[in-house]
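Asker: My structure is in data-v3.cif, and what it holds is mmCIF, C-alpha atoms:
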data_final
loop_
_atom_site.label_atom_id
_atom_site.label_comp_id
_atom_site.auth_asym_id
_atom_site.auth_seq_id
_atom_site.Cartn_x
_atom_site.Cartn_y
_atom_site.Cartn_z
CA MET X 14 30.99 -30.02 179.86
CA SER X 15 32.66 -32.81 177.92
CA LYS X 16 36.10 -31.40 178.66
CA GLU X 17 35.33 -31.43 182.36
CA LEU X 18 34.34 -35.05 181.98
CA PHE X 19 37.67 -35.81 180.33
CA GLU X 20 39.43 -34.09 183.19
CA ALA X 21 37.39 -36.19 185.60
CA VAL X 22 38.61 -39.35 183.85
CA VAL X 23 42.19 -38.12 184.18
CA GLY X 24 41.72 -37.23 187.83
CA THR X 25 44.77 -36.07 189.73
CA PRO X 26 47.87 -37.23 187.88
CA PRO X 27 50.52 -38.99 189.96
CA PRO X 28 53.99 -37.44 190.08
CA SER X 29 55.62 -37.59 186.67
CA THR X 30 58.28 -40.19 186.04
CA VAL X 31 59.29 -38.49 182.81
CA ASP X 32 62.87 -37.35 183.36
CA ILE X 33 63.57 -34.82 180.62
CA ALA X 34 67.21 -34.32 181.60
CA ALA X 35 67.84 -38.07 181.57
CA ILE X 36 66.23 -38.41 178.16
CA ILE X 37 68.46 -35.65 176.82
CA ARG X 38 71.54 -37.27 178.36
CA ARG X 39 70.67 -40.63 176.86
CA ARG X 40 70.06 -39.21 173.41
CA ARG X 41 73.33 -37.33 173.61
CA ARG X 42 75.10 -40.55 174.50
CA VAL X 43 73.50 -42.42 171.62
CA ARG X 44 74.64 -39.70 169.24
CA ALA X 45 78.16 -39.86 170.67
CA ALA X 46 78.23 -43.62 170.24
CA ARG X 47 77.06 -43.30 166.64
CA ARG X 48 79.72 -40.69 165.99
CA LEU X 49 82.29 -42.99 167.54
CA GLY X 50 81.24 -45.78 165.21
CA LEU X 51 81.61 -43.53 162.22
CA VAL X 52 85.00 -42.34 163.35
CA MET X 53 86.45 -45.73 164.19
CA ALA X 54 86.18 -47.19 160.69
CA PRO X 55 88.41 -44.72 158.85
CA VAL X 56 90.82 -44.61 161.76
CA ALA X 57 91.23 -48.35 161.60
CA VAL X 58 91.62 -48.46 157.83
CA SER X 59 94.22 -45.71 157.62
CA GLY X 60 96.42 -46.89 160.46
CA VAL X 61 100.08 -47.89 160.34
CA VAL X 62 100.50 -50.08 163.39
CA THR X 63 100.43 -53.80 162.92
CA ALA X 64 97.77 -55.86 164.51
CA ALA X 65 98.01 -57.60 167.83
CA VAL X 66 96.49 -60.97 168.53
CA LEU X 67 93.91 -60.77 171.25
CA VAL X 68 92.25 -63.88 172.37
CA ALA X 69 94.16 -66.37 174.38
CA GLY X 70 93.26 -69.85 173.32
CA GLY X 71 91.35 -68.65 170.28
CA GLY X 72 91.77 -69.75 166.72
CA GLY X 73 89.28 -72.47 166.16
CA THR X 74 86.30 -71.86 163.96
CA GLY X 75 84.37 -75.02 164.65
CA ALA X 76 82.00 -73.59 167.19
CA PRO X 77 79.27 -75.88 168.40
CA VAL X 78 75.78 -75.40 167.16
CA HIS X 79 73.32 -74.69 169.94
CA THR X 80 69.82 -75.91 169.50
CA GLY X 81 66.69 -76.03 171.53
CA GLN X 82 67.22 -72.60 173.05
CA PRO X 83 64.74 -69.77 173.13
CA PRO X 84 65.08 -67.55 170.10
CA LEU X 85 66.41 -64.05 170.43
CA ALA X 86 66.09 -60.85 168.49
CA THR X 87 64.81 -62.14 165.22
CA SER X 88 61.46 -62.02 163.56
CA SER X 89 60.47 -65.20 165.34
CA ALA X 90 61.61 -63.90 168.72
CA PRO X 91 59.49 -62.38 171.42
CA ALA X 92 59.01 -58.66 170.99
CA PRO X 93 62.34 -56.84 170.58
CA GLU X 94 61.69 -54.70 173.63
CA LEU X 95 61.27 -57.82 175.73
CA THR X 96 64.53 -59.20 174.40
CA ALA X 97 66.17 -55.85 175.03
CA GLU X 98 65.07 -55.92 178.65
CA ARG X 99 66.34 -59.49 179.05
CA LEU X 100 69.64 -58.49 177.51
CA ARG X 101 69.89 -55.47 179.79
CA ALA X 102 69.23 -57.58 182.87
CA ALA X 103 71.67 -60.26 181.72
CA LEU X 104 74.35 -57.63 181.13
CA ALA X 105 73.88 -56.21 184.60
CA GLU X 106 74.15 -59.67 186.16
CA ALA X 107 77.15 -60.65 184.05
CA VAL X 108 79.09 -57.50 184.91
CA ALA X 109 78.28 -57.95 188.59
CA ALA X 110 79.47 -61.56 188.43
CA VAL X 111 82.69 -61.02 186.45
CA VAL X 112 83.82 -57.60 187.68
CA PRO X 113 81.91 -56.94 190.92
CA ASP X 114 83.96 -53.81 191.62
CA ALA X 115 82.79 -52.13 188.41
CA ARG X 116 79.89 -49.69 188.46
CA TRP X 117 77.60 -48.33 185.79
CA LEU X 118 77.50 -44.56 185.63
CA PRO X 119 75.76 -42.37 186.50
CA ASP X 120 73.16 -44.32 188.46
CA GLY X 121 74.35 -47.91 188.65
CA GLN X 122 72.04 -48.93 185.81
CA PRO X 123 73.24 -50.68 182.63
CA PRO X 124 72.52 -48.99 179.30
CA VAL X 125 68.98 -48.71 178.05
CA LEU X 126 68.76 -50.58 174.77
CA GLU X 127 66.98 -48.98 171.90
CA PRO X 128 66.36 -49.84 168.29
CA PRO X 129 68.12 -47.76 165.70
CA PRO X 130 66.13 -45.11 163.84
CA PRO X 131 63.16 -46.86 162.22
CA ALA X 132 64.05 -46.03 158.64
CA ARG X 133 67.30 -47.92 159.02
CA THR X 134 65.90 -50.81 161.00
CA HIS X 135 63.33 -52.50 158.83
CA PRO X 136 63.44 -50.79 155.46
CA SER X 137 61.82 -53.67 153.68
CA ALA X 138 58.78 -53.52 155.94
CA ILE X 139 58.30 -49.78 155.95
CA VAL X 140 55.97 -48.05 153.60
CA ALA X 141 56.70 -44.50 154.69
CA CYS X 142 58.68 -42.82 157.42
CA ASP X 143 58.88 -39.34 158.76
CA ALA X 144 59.96 -37.67 161.96
CA PHE X 145 56.92 -39.03 163.73
CA GLY X 146 57.50 -42.67 163.04
CA CYS X 147 56.91 -45.14 160.29
CA THR X 148 54.02 -46.80 158.59
CA VAL X 149 54.81 -50.47 158.65
CA ALA X 150 53.33 -52.74 156.05
CA ALA X 151 54.50 -55.99 157.52
CA PRO X 152 55.47 -55.69 161.18
CA SER X 153 56.73 -59.24 161.33
CA ALA X 154 59.08 -58.87 158.39
CA PRO X 155 62.68 -59.65 159.34
CA PRO X 156 65.08 -56.78 159.82
CA THR X 157 67.38 -56.24 156.89
CA THR X 158 70.01 -54.11 158.54
CA ASP X 159 72.64 -54.98 161.00
CA VAL X 160 71.52 -53.80 164.43
CA SER X 161 68.38 -55.00 166.17
CA PHE X 162 68.99 -52.73 169.11
CA SER X 163 71.88 -51.34 171.07
CA GLY X 164 72.84 -49.12 173.94
CA SER X 165 75.83 -47.63 175.66
CA ALA X 166 76.81 -46.43 179.09
CA ASP X 167 79.89 -45.49 181.03
CA LEU X 168 81.40 -48.22 183.18
CA GLU X 169 83.67 -47.16 186.01
CA ARG X 170 86.28 -49.33 187.65
CA GLY X 171 89.25 -48.41 189.77
CA GLY X 172 88.66 -44.72 189.26
CA SER X 173 88.71 -44.90 185.45
CA THR X 174 85.78 -44.92 183.07
CA VAL X 175 85.24 -46.68 179.76
CA LEU X 176 82.31 -46.46 177.39
CA ALA X 177 80.60 -49.85 177.11
CA MET X 178 78.41 -50.58 174.11
CA VAL X 179 76.22 -53.61 173.67
CA GLY X 180 73.93 -54.64 170.86
CA ILE X 181 72.33 -57.53 169.08
CA HIS X 182 73.22 -57.71 165.41
CA THR X 183 71.84 -59.67 162.54
CA SER X 184 75.06 -59.71 160.54
CA ARG X 185 77.02 -62.89 161.03
CA SER X 186 80.05 -61.25 159.44
CA LEU X 187 80.92 -60.10 162.95
CA LEU X 188 81.85 -63.71 163.68
CA ASP X 189 84.60 -63.89 161.09
CA CYS X 190 87.62 -61.73 160.52
CA ASP X 191 87.18 -60.99 156.84
CA ASP X 192 86.86 -57.29 157.63
CA ALA X 193 89.98 -57.13 159.75
CA SER X 194 92.70 -56.78 157.16
CA PHE X 195 93.41 -53.18 158.04
CA ALA X 196 96.55 -52.36 159.88
CA ASN X 197 95.32 -50.99 163.18
CA SER X 198 93.07 -53.80 164.20
CA SER X 199 93.45 -57.37 165.16
CA CYS X 200 90.79 -60.02 164.98
CA THR X 201 90.62 -63.54 166.26
CA VAL X 202 87.92 -66.15 165.91
CA GLY X 203 87.36 -68.95 168.34
CA SER X 204 84.95 -70.24 170.94
CA SER X 205 83.75 -68.59 174.09
CA PRO X 206 84.17 -70.29 177.48
CA HIS X 207 80.67 -71.74 177.13
CA GLY X 208 81.41 -72.95 173.61
CA TYR X 209 79.69 -70.36 171.47
CA ALA X 210 81.25 -69.14 168.24
CA MET X 211 83.10 -65.94 168.98
CA ALA X 212 85.27 -63.28 167.40
CA THR X 213 87.24 -60.62 169.19
CA ARG X 214 88.59 -57.43 167.76
CA ALA X 215 90.96 -54.77 169.03
CA TYR X 216 91.60 -51.35 167.61
CA ARG X 217 94.54 -49.02 168.15
CA PRO X 218 94.91 -45.40 167.10
CA SER X 219 97.42 -44.64 164.40
CA ALA X 220 99.51 -42.52 166.73
CA LEU X 221 99.92 -41.70 170.38
CA PRO X 222 98.57 -38.44 171.77
CA ASP X 223 101.11 -35.62 171.97
CA GLY X 224 103.52 -36.04 174.83
CA MET X 225 103.01 -39.78 175.21
CA THR X 226 105.65 -42.35 174.41
CA GLY X 227 105.77 -46.11 174.31
CA PRO X 228 103.70 -48.71 172.50
CA ILE X 229 100.35 -47.65 171.08
CA PRO X 230 97.66 -49.11 173.30
CA VAL X 231 94.39 -50.75 172.37
CA VAL X 232 91.59 -48.21 172.72
CA THR X 233 88.62 -50.31 171.68
CA ARG X 234 87.80 -53.96 172.10
CA LYS X 235 84.85 -55.81 170.72
CA VAL X 236 83.60 -59.29 171.43
CA ALA X 237 81.00 -60.83 169.15
CA ILE X 238 79.30 -64.06 170.21
CA GLU X 239 76.84 -66.12 168.24
CA LEU X 240 73.31 -66.40 169.57
CA PRO X 241 71.41 -69.64 169.14
CA ASP X 242 68.90 -68.04 166.78
CA GLY X 243 71.58 -66.87 164.38
CA GLY X 244 71.92 -63.32 165.70
CA VAL X 245 75.11 -61.98 167.18
CA LEU X 246 75.66 -60.27 170.50
CA GLN X 247 78.44 -57.71 170.42
CA LEU X 248 79.93 -56.12 173.50
CA ALA X 249 82.48 -53.36 173.05
CA VAL X 250 84.44 -51.07 175.31
CA ASN X 251 86.15 -47.86 174.37
CA GLY X 252 88.42 -45.67 176.40
CA PRO X 253 89.33 -44.91 179.09
CA LYS X 254 88.69 -41.22 178.94
CA ASP X 255 92.15 -40.61 180.33
CA PRO X 256 94.46 -41.68 177.48
CA THR X 257 97.28 -42.39 179.90
CA VAL X 258 95.28 -45.20 181.48
CA PRO X 259 95.46 -48.44 179.49
CA LEU X 260 92.13 -50.03 178.62
CA ASP X 261 93.33 -53.27 180.17
CA MET X 262 93.69 -51.51 183.51
CA VAL X 263 89.94 -51.03 183.55
CA LEU X 264 88.76 -54.14 181.75
CA THR X 265 90.95 -56.88 180.35
CA GLU X 266 90.19 -58.80 177.24
CA THR X 267 89.57 -61.92 179.29
CA GLU X 268 87.08 -60.09 181.47
CA LEU X 269 85.28 -58.64 178.45
CA VAL X 270 85.02 -62.08 176.88
CA ALA X 271 83.79 -63.53 180.17
CA ILE X 272 81.10 -60.85 180.47
CA ALA X 273 79.84 -61.30 176.90
CA ASP X 274 79.89 -65.07 177.26
CA GLU X 275 78.01 -64.86 180.54
CA VAL X 276 75.41 -62.59 178.97
CA VAL X 277 74.78 -65.07 176.16
CA HIS X 278 74.73 -67.96 178.58
CA ARG X 279 72.18 -66.22 180.80
CA LEU X 280 70.04 -65.28 177.82
CA THR X 281 69.97 -68.79 176.46
CA GLY X 282 70.30 -70.88 179.58
CA MET J 21 72.46 -29.68 169.63
CA ARG J 22 73.84 -26.54 171.20
CA ARG J 23 73.38 -25.93 174.92
CA ALA J 24 71.07 -23.03 174.24
CA ASP J 25 68.92 -25.22 172.01
CA GLU J 26 68.83 -27.90 174.68
CA GLN J 27 67.76 -25.36 177.24
CA GLU J 28 65.03 -24.17 174.92
CA PHE J 29 63.96 -27.76 174.33
CA HIS J 30 63.89 -28.46 178.05
CA GLU J 31 61.74 -25.41 178.72
CA TYR J 32 59.36 -26.22 175.89
CA VAL J 33 58.84 -29.79 177.06
CA SER J 34 58.53 -28.84 180.72
CA ALA J 35 55.78 -26.38 179.90
CA ARG J 36 53.75 -29.01 178.05
CA LEU J 37 54.53 -32.11 180.02
CA ASP J 38 51.35 -32.07 182.07
CA ARG J 39 49.13 -31.69 179.02
CA TRP J 40 50.97 -34.48 177.19
CA ARG J 41 50.72 -36.81 180.17
CA ARG J 42 46.99 -36.19 180.47
CA SER J 43 46.31 -36.81 176.80
CA ALA J 44 48.52 -39.91 176.84
CA TYR J 45 46.65 -41.18 179.87
CA LEU J 46 43.32 -40.69 178.14
CA MET J 47 44.57 -42.77 175.25
CA CYS J 48 46.08 -45.62 177.26
CA GLN J 49 44.36 -45.22 180.65
CA ASP J 50 47.43 -46.26 182.58
CA TRP J 51 49.83 -43.76 184.11
CA HIS J 52 52.92 -45.93 183.78
CA THR J 53 52.24 -46.47 180.11
CA ALA J 54 51.37 -42.81 179.70
CA ASP J 55 54.73 -41.77 181.11
CA ASP J 56 56.48 -44.32 178.89
CA ILE J 57 54.73 -42.93 175.84
CA VAL J 58 55.57 -39.37 176.78
CA SER J 59 59.20 -40.35 177.39
CA VAL J 60 59.42 -41.95 173.96
CA ALA J 61 57.83 -38.90 172.40
CA VAL J 62 60.17 -36.50 174.21
CA GLY J 63 63.18 -38.49 173.00
CA ARG J 64 61.90 -38.47 169.46
CA LEU J 65 61.12 -34.79 169.62
CA TYR J 66 64.66 -34.15 170.84
CA GLU J 67 66.04 -36.01 167.84
CA HIS J 68 64.01 -33.84 165.50
CA TRP J 69 64.06 -30.61 167.47
CA PRO J 70 65.78 -28.51 164.77
CA ARG J 71 63.04 -29.47 162.33
CA ALA J 72 60.28 -29.19 164.91
CA ARG J 73 61.25 -25.61 165.72
CA GLN J 74 60.68 -24.66 162.13
CA ALA J 75 57.26 -26.28 161.91
CA ASP J 76 54.26 -24.05 161.35
CA ASN J 77 52.58 -25.47 164.43
CA ILE J 78 55.15 -26.90 166.77
CA ASP J 79 52.52 -28.10 169.26
CA ALA J 80 50.73 -30.08 166.57
CA TYR J 81 54.10 -31.46 165.49
CA ALA J 82 54.82 -32.60 169.04
CA GLN J 83 51.31 -33.96 169.47
CA ARG J 84 51.74 -35.92 166.29
CA ILE J 85 54.87 -37.56 167.67
CA LEU J 86 53.10 -38.34 170.92
CA THR J 87 50.06 -39.84 169.22
CA ARG J 88 52.21 -41.94 166.92
CA ALA J 89 54.12 -43.17 169.98
CA TRP J 90 50.82 -44.28 171.50
CA LEU J 91 49.68 -46.02 168.33
CA ASN J 92 53.03 -47.80 168.01
CA GLU J 93 52.81 -48.87 171.63
CA ALA J 94 49.27 -50.14 171.18
CA ARG J 95 50.49 -52.21 168.27
CA ARG J 96 52.88 -54.22 170.41
CA PRO J 97 51.73 -57.81 170.76
CA TRP J 98 51.63 -57.77 174.57
CA ARG J 99 49.82 -54.44 174.60
CA ARG J 100 47.38 -55.30 171.90
CA GLU J 101 44.04 -54.48 173.37
CA ARG J 102 40.86 -56.17 172.46
CA PRO J 103 38.15 -53.61 172.01
CA HIS J 104 34.77 -54.64 173.30
CA GLU J 105 33.50 -54.65 169.79
CA ALA J 106 34.79 -54.25 166.28
CA PRO J 107 35.95 -50.72 165.48
CA LEU J 108 33.27 -48.68 163.81
CA GLU J 109 34.08 -47.23 160.45
CA HIS J 110 30.70 -45.77 159.62
CA GLY J 111 27.87 -44.39 161.67
CA THR J 112 27.05 -45.18 165.27
CA VAL J 113 25.52 -48.20 166.88
CA ASP J 114 24.57 -48.79 170.49
CA VAL J 115 26.15 -45.60 171.73
CA PRO J 116 26.44 -45.72 175.49
CA GLU J 117 25.19 -42.70 177.30
CA VAL J 118 28.19 -40.90 178.72
CA VAL J 119 27.02 -39.20 181.86
CA ASP J 120 29.93 -39.70 184.21
CA ARG J 121 33.62 -40.32 184.15
CA GLU J 122 33.18 -44.07 184.43
CA SER J 123 31.05 -44.26 181.33
CA LEU J 124 33.45 -42.01 179.43
CA ALA J 125 36.32 -44.22 180.54
CA ASP J 126 34.29 -47.24 179.41
CA LEU J 127 33.61 -45.58 176.09
CA LEU J 128 37.30 -44.89 175.54
CA ARG J 129 38.25 -48.41 176.51
CA SER J 130 35.72 -49.82 174.08
CA LEU J 131 37.36 -48.06 171.15
CA ALA J 132 40.28 -49.20 169.07
CA PRO J 133 43.50 -47.23 169.70
CA ARG J 134 43.19 -44.95 166.67
CA GLN J 135 39.54 -44.18 167.37
CA ARG J 136 40.49 -43.38 170.93
CA ALA J 137 43.17 -41.04 169.66
CA VAL J 138 40.62 -39.34 167.42
CA ILE J 139 38.28 -38.76 170.37
CA VAL J 140 41.05 -37.37 172.56
CA LEU J 141 42.41 -35.10 169.85
CA ARG J 142 39.01 -33.82 168.79
CA PHE J 143 37.10 -33.48 172.05
CA TYR J 144 39.78 -33.13 174.72
CA LEU J 145 42.51 -31.25 172.90
CA ASP J 146 40.12 -29.39 170.59
CA TYR J 147 41.97 -30.08 167.38
CA SER J 148 39.97 -29.53 164.24
CA ILE J 149 39.10 -32.31 161.84
CA GLU J 150 41.83 -31.08 159.50
CA GLU J 151 44.42 -30.94 162.28
CA THR J 152 43.40 -34.32 163.65
CA ALA J 153 43.69 -35.85 160.19
CA ALA J 154 47.14 -34.33 159.78
CA ILE J 155 48.30 -35.48 163.21
CA LEU J 156 47.16 -39.04 162.62
CA GLY J 157 48.08 -39.15 158.97
CA ILE J 158 44.59 -40.22 157.92
CA SER J 159 41.90 -38.66 155.77
CA GLN J 160 39.42 -36.14 157.09
CA GLY J 161 36.64 -38.54 156.18
CA THR J 162 38.15 -41.19 158.41
CA VAL J 163 38.39 -38.69 161.24
CA LYS J 164 34.74 -37.83 160.79
CA SER J 165 33.57 -41.43 160.73
CA GLN J 166 35.77 -42.49 163.61
CA SER J 167 34.68 -39.60 165.79
CA ALA J 168 30.97 -40.16 165.11
CA ARG J 169 30.49 -42.52 167.99
CA GLY J 170 32.31 -40.35 170.46
CA LEU J 171 30.53 -37.26 169.26
CA ALA J 172 27.15 -38.94 169.70
CA ALA J 173 28.09 -40.11 173.16
CA LEU J 174 29.28 -36.68 174.18
CA ARG J 175 26.09 -35.12 172.85
CA LEU J 176 24.16 -37.49 175.04
CA ASN J 177 26.33 -36.37 177.89
CA ALA J 178 25.66 -32.73 177.15
CA ASP J 179 21.93 -33.44 176.97
CA ALA J 180 22.06 -35.25 180.28
CA PHE J 181 23.60 -32.19 181.88
CA GLY J 182 21.26 -29.84 180.09
CA ALA J 183 24.10 -28.15 178.25
#
Hey, can you dump this file as structure tokens for me?
Answerer:
Amino acid sequence: MSKELFEAVVGTPPPSTVDIAAIIRRRRRVRAARRLGLVMAPVAVSGVVTAAVLVAGGGGTGAPVHTGQPPLATSSAPAPELTAERLRAALAEAVAAVVPDARWLPDGQPPVLEPPPPARTHPSAIVACDAFGCTVAAPSAPPTTDVSFSGSADLERGGSTVLAMVGIHTSRSLLDCDDASFANSSCTVGSSPHGYAMATRAYRPSALPDGMTGPIPVVTRKVAIELPDGGVLQLAVNGPKDPTVPLDMVLTETELVAIADEVVHRLTG
Amino acid sequence: MRRADEQEFHEYVSARLDRWRRSAYLMCQDWHTADDIVSVAVGRLYEHWPRARQADNIDAYAQRILTRAWLNEARRPWRRERPHEAPLEHGTVDVPEVVDRESLADLLRSLAPRQRAVIVLRFYLDYSIEETAAILGISQGTVKSQSARGLAALRLNADAFGA
């Protein structure tokens, strides 16, 4: 009897919106992005090509301090998921404004932003973690690792596709170039068009793919921009999938900077 | 994950999706939220699928992920529900008589999220006290005390129907 009553409470379920295939695709993409992050570091460190300067007009470090803006992605911020949704919407608007001919794949939607695995997100606040989640002792404790949340998705433009990755980080080291002494990367600090502190990085492989000649192209660019609350927004692109297509043919450095700057401006404006 | 494993995962989830959605709905009483919770749980299960496959009871493993997803969701500030009264830790007080779906829905809404999960696990999904305690990561005594109110209400319901 009681079970029938439970079924009566449930009633007739509406059509499911749980898309198992999409969930699998997204998880696969997250794994690929993580793998990419792990691979890029040793590649950059062991390279032999000298760095190239990236940001036109960069070089200054005296970025203005922004005050009076809504906080983002810190312990004092609104819920992280809310911030993630705002960031996602701002990214969609910024891409549409700066490169209107670009399109998110596969469905026109920007990447879904997710927190990293719990055990690595707020270790100081977690009492115990297992595959099912974590027991949190102090939910409001500030994160002690670098990424608040991040996501990635393919961005297509002119017939070529790059992998775009966006995230909010807590490490301000992204805003300086102290980590950029390795040979295959270049790093420049400066200010974004709207006056936020900014650093840009470019990475090149140590060698060209077999059969290719000419200068070694940039394969990854990253733009990090300071958020008013002390966090850092980082937008990165990697690719294109076709190694014969230069990254700049799909998205130039100026466009990437403009998109990241527009995202921050929309988030804080 | 290999393609064959993904296929197996897809088939496993597809076969249980309806049951998971129903139990999630009973816990949150909103279909959009229920689907969100199930989506989160499916993603998490995918991440841990190699381990889940080796679990003694894979369904309990999956249910544990789903229930934790609900409890985490209920903990969000904008989702934080205000139960009609303070959660009961011991005994039963003012148990409403559950004779129809509205009063059962009211009963569920009046409970704190974890109590609600206990009721759903025990009386809808038929998990034992031991299994419920393992799924929720709480003691069997807590399961017993937290299910007391629901059990009393459901007994009243059974009496009302002459069961």
Asker: Distance CA of Ile37 in chain X-CA of Glu106 in chain X, one decimal place?
Answerer: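 Between CA of Ile37 in chain X and CA of Glu106 in chain X the gap works out to 26.4 Å.
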Asker: Taking 2 positions as the minimum chain separation for residues in the same chain, which residues sit within 9 Å of Val58 in chain J when counting all atoms listed in the file? Answer as a count of residues only.
Answerer: 16
Asker: Under the PyMOL selection byres ((chain X and resi 118) around 6), which residues of this model are included? Write them out as number ranges by chain.
Answerer: X: 117, 119-121, 167-168
Asker: Could you check which of X:Arg42, X:Lys16, X:Arg214, X:Arg234 is closest to chain J, using only C-alpha atoms?
Answerer: X:Lys16
Asker: Axis-aligned box over every listed atom of range 41-56 of chain J, padded by 8 Å per side: centre and edges in Å to one decimal, as JSON?
Answerer:
{"center_x": 49.9, "center_y": -41.3, "center_z": 179.7, "size_x": 29.2, "size_y": 26.3, "size_z": 24.9}
Asker: Nearest residue to Phe29 in chain J out of X:Val202, X:Ala215, X:Val277, X:Ala34, using only C-alpha atoms?
Answerer: X:Ala34
Asker: What is the distance between CA of Ala212 in chain X and CA of Val245 in chain X, in Å to one decimal?
Answerer: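 Here the two named atoms are 10.2 Å from each other.
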Asker: I'd like to know which of J:Ile85, J:Ala35, J:Leu65, J:Ala72 is closest to chain X, using all atoms listed in the file.
Answerer: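 Checking each candidate against chain X, we get J:Ile85 as the closest.
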Asker: Just say which residues the PyMOL selection byres ((chain X and resi 171-188) around 6) picks in this file, as a list in words.
Answerer: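 Answer for the PyMOL selection byres ((chain X and resi 171-188) around 6): Asp159, Val160, Ser161, Phe162, Ser163, Gly164, Ser165, Ala166, Asp167, Leu168, Glu169, Arg170, Asp189, Met211, Ala212, Gly244, Val245, Leu246, Gln247, Leu248, Ala249, Val250, Asn251, Gly252 and Pro253 of chain X.
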Asker: What lies within 12 Å of range 141-144 of chain J using all atoms listed in the file, ignoring chain neighbours under 6 positions off, as a ChimeraX atom specification?
Answerer: /X:14-23 /J:39-40,42-47,80,83-84,86-87,124,128,134-135,150-156,160,163-164,166-175
Asker: Using only C-alpha atoms, which residue out of J:Ser159, J:Ser130, J:Asn77, J:Asn92 lies closest to chain X?
Answerer: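 When distances to chain X are compared using only C-alpha atoms, the smallest one comes from J:Asn92.
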Asker: What's the separation between CA of His207 in chain X and CA of Leu280 in chain X, in Å to one decimal place?
Answerer: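 Atom-to-atom, CA of His207 in chain X to CA of Leu280 in chain X, that is 12.5 Å.
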Asker: Counting only C-alpha atoms, which of X:Arg40, X:Arg217, X:Arg279, X:Arg116 gets nearest to chain J?
Answerer: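 Of all the options, X:Arg40 lies closest to chain J.
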Asker: In terms of the shortest atom-to-atom distance over only C-alpha atoms, which of J:Gln74, J:Tyr66, J:Ala132, J:Asp79 is closest to Leu145 in chain J?
Answerer: J:Asp79
Asker: Scan for residues within 10 Å of the point (83.4, -62.9, 176.2) in the coordinates of the file, using only C-alpha atoms, and reply as a compact mmCIF listing (two decimals) with C-alpha atoms, keeping the file's coordinate frame.
Answerer:
# COMPACT_ATOMS: atom_id res chain seq x y z
CA VAL X 68 92.25 -63.88 172.37
CA SER X 204 84.95 -70.24 170.94
CA SER X 205 83.75 -68.59 174.09
CA PRO X 206 84.17 -70.29 177.48
CA HIS X 207 80.67 -71.74 177.13
CA TYR X 209 79.69 -70.36 171.47
CA MET X 211 83.10 -65.94 168.98
CA ALA X 212 85.27 -63.28 167.40
CA THR X 213 87.24 -60.62 169.19
CA LYS X 235 84.85 -55.81 170.72
CA VAL X 236 83.60 -59.29 171.43
CA ALA X 237 81.00 -60.83 169.15
CA ILE X 238 79.30 -64.06 170.21
CA LEU X 246 75.66 -60.27 170.50
CA GLN X 247 78.44 -57.71 170.42
CA LEU X 248 79.93 -56.12 173.50
CA GLU X 266 90.19 -58.80 177.24
CA THR X 267 89.57 -61.92 179.29
CA GLU X 268 87.08 -60.09 181.47
CA LEU X 269 85.28 -58.64 178.45
CA VAL X 270 85.02 -62.08 176.88
CA ALA X 271 83.79 -63.53 180.17
CA ILE X 272 81.10 -60.85 180.47
CA ALA X 273 79.84 -61.30 176.90
CA ASP X 274 79.89 -65.07 177.26
CA GLU X 275 78.01 -64.86 180.54
CA VAL X 276 75.41 -62.59 178.97
CA VAL X 277 74.78 -65.07 176.16
Asker: Could you model N, CA and C atoms for range 60-69 of chain J and present them as a tab-separated table (two decimals), keeping the file's coordinate frame?
Answerer:
chain	number	residue	atom	x	y	z
J	60	VAL	N	59.04	-41.61	175.34
J	60	VAL	CA	59.42	-41.95	173.96
J	60	VAL	C	59.24	-40.73	173.06
J	61	ALA	N	58.12	-40.06	173.25
J	61	ALA	CA	57.83	-38.90	172.40
J	61	ALA	C	58.84	-37.77	172.65
J	62	VAL	N	59.19	-37.56	173.90
J	62	VAL	CA	60.17	-36.50	174.21
J	62	VAL	C	61.51	-36.83	173.56
J	63	GLY	N	61.92	-38.09	173.64
J	63	GLY	CA	63.18	-38.49	173.00
J	63	GLY	C	63.14	-38.27	171.50
J	64	ARG	N	62.03	-38.63	170.91
J	64	ARG	CA	61.90	-38.47	169.46
J	64	ARG	C	61.87	-36.98	169.08
J	65	LEU	N	61.18	-36.23	169.89
J	65	LEU	CA	61.12	-34.79	169.62
J	65	LEU	C	62.52	-34.18	169.73
J	66	TYR	N	63.29	-34.65	170.70
J	66	TYR	CA	64.66	-34.15	170.84
J	66	TYR	C	65.47	-34.43	169.58
J	67	GLU	N	65.31	-35.64	169.06
J	67	GLU	CA	66.04	-36.01	167.84
J	67	GLU	C	65.71	-35.07	166.68
J	68	HIS	N	64.46	-34.64	166.64
J	68	HIS	CA	64.01	-33.84	165.50
J	68	HIS	C	63.75	-32.38	165.88
J	69	TRP	N	64.35	-31.95	166.97
J	69	TRP	CA	64.06	-30.61	167.47
J	69	TRP	C	64.38	-29.51	166.45
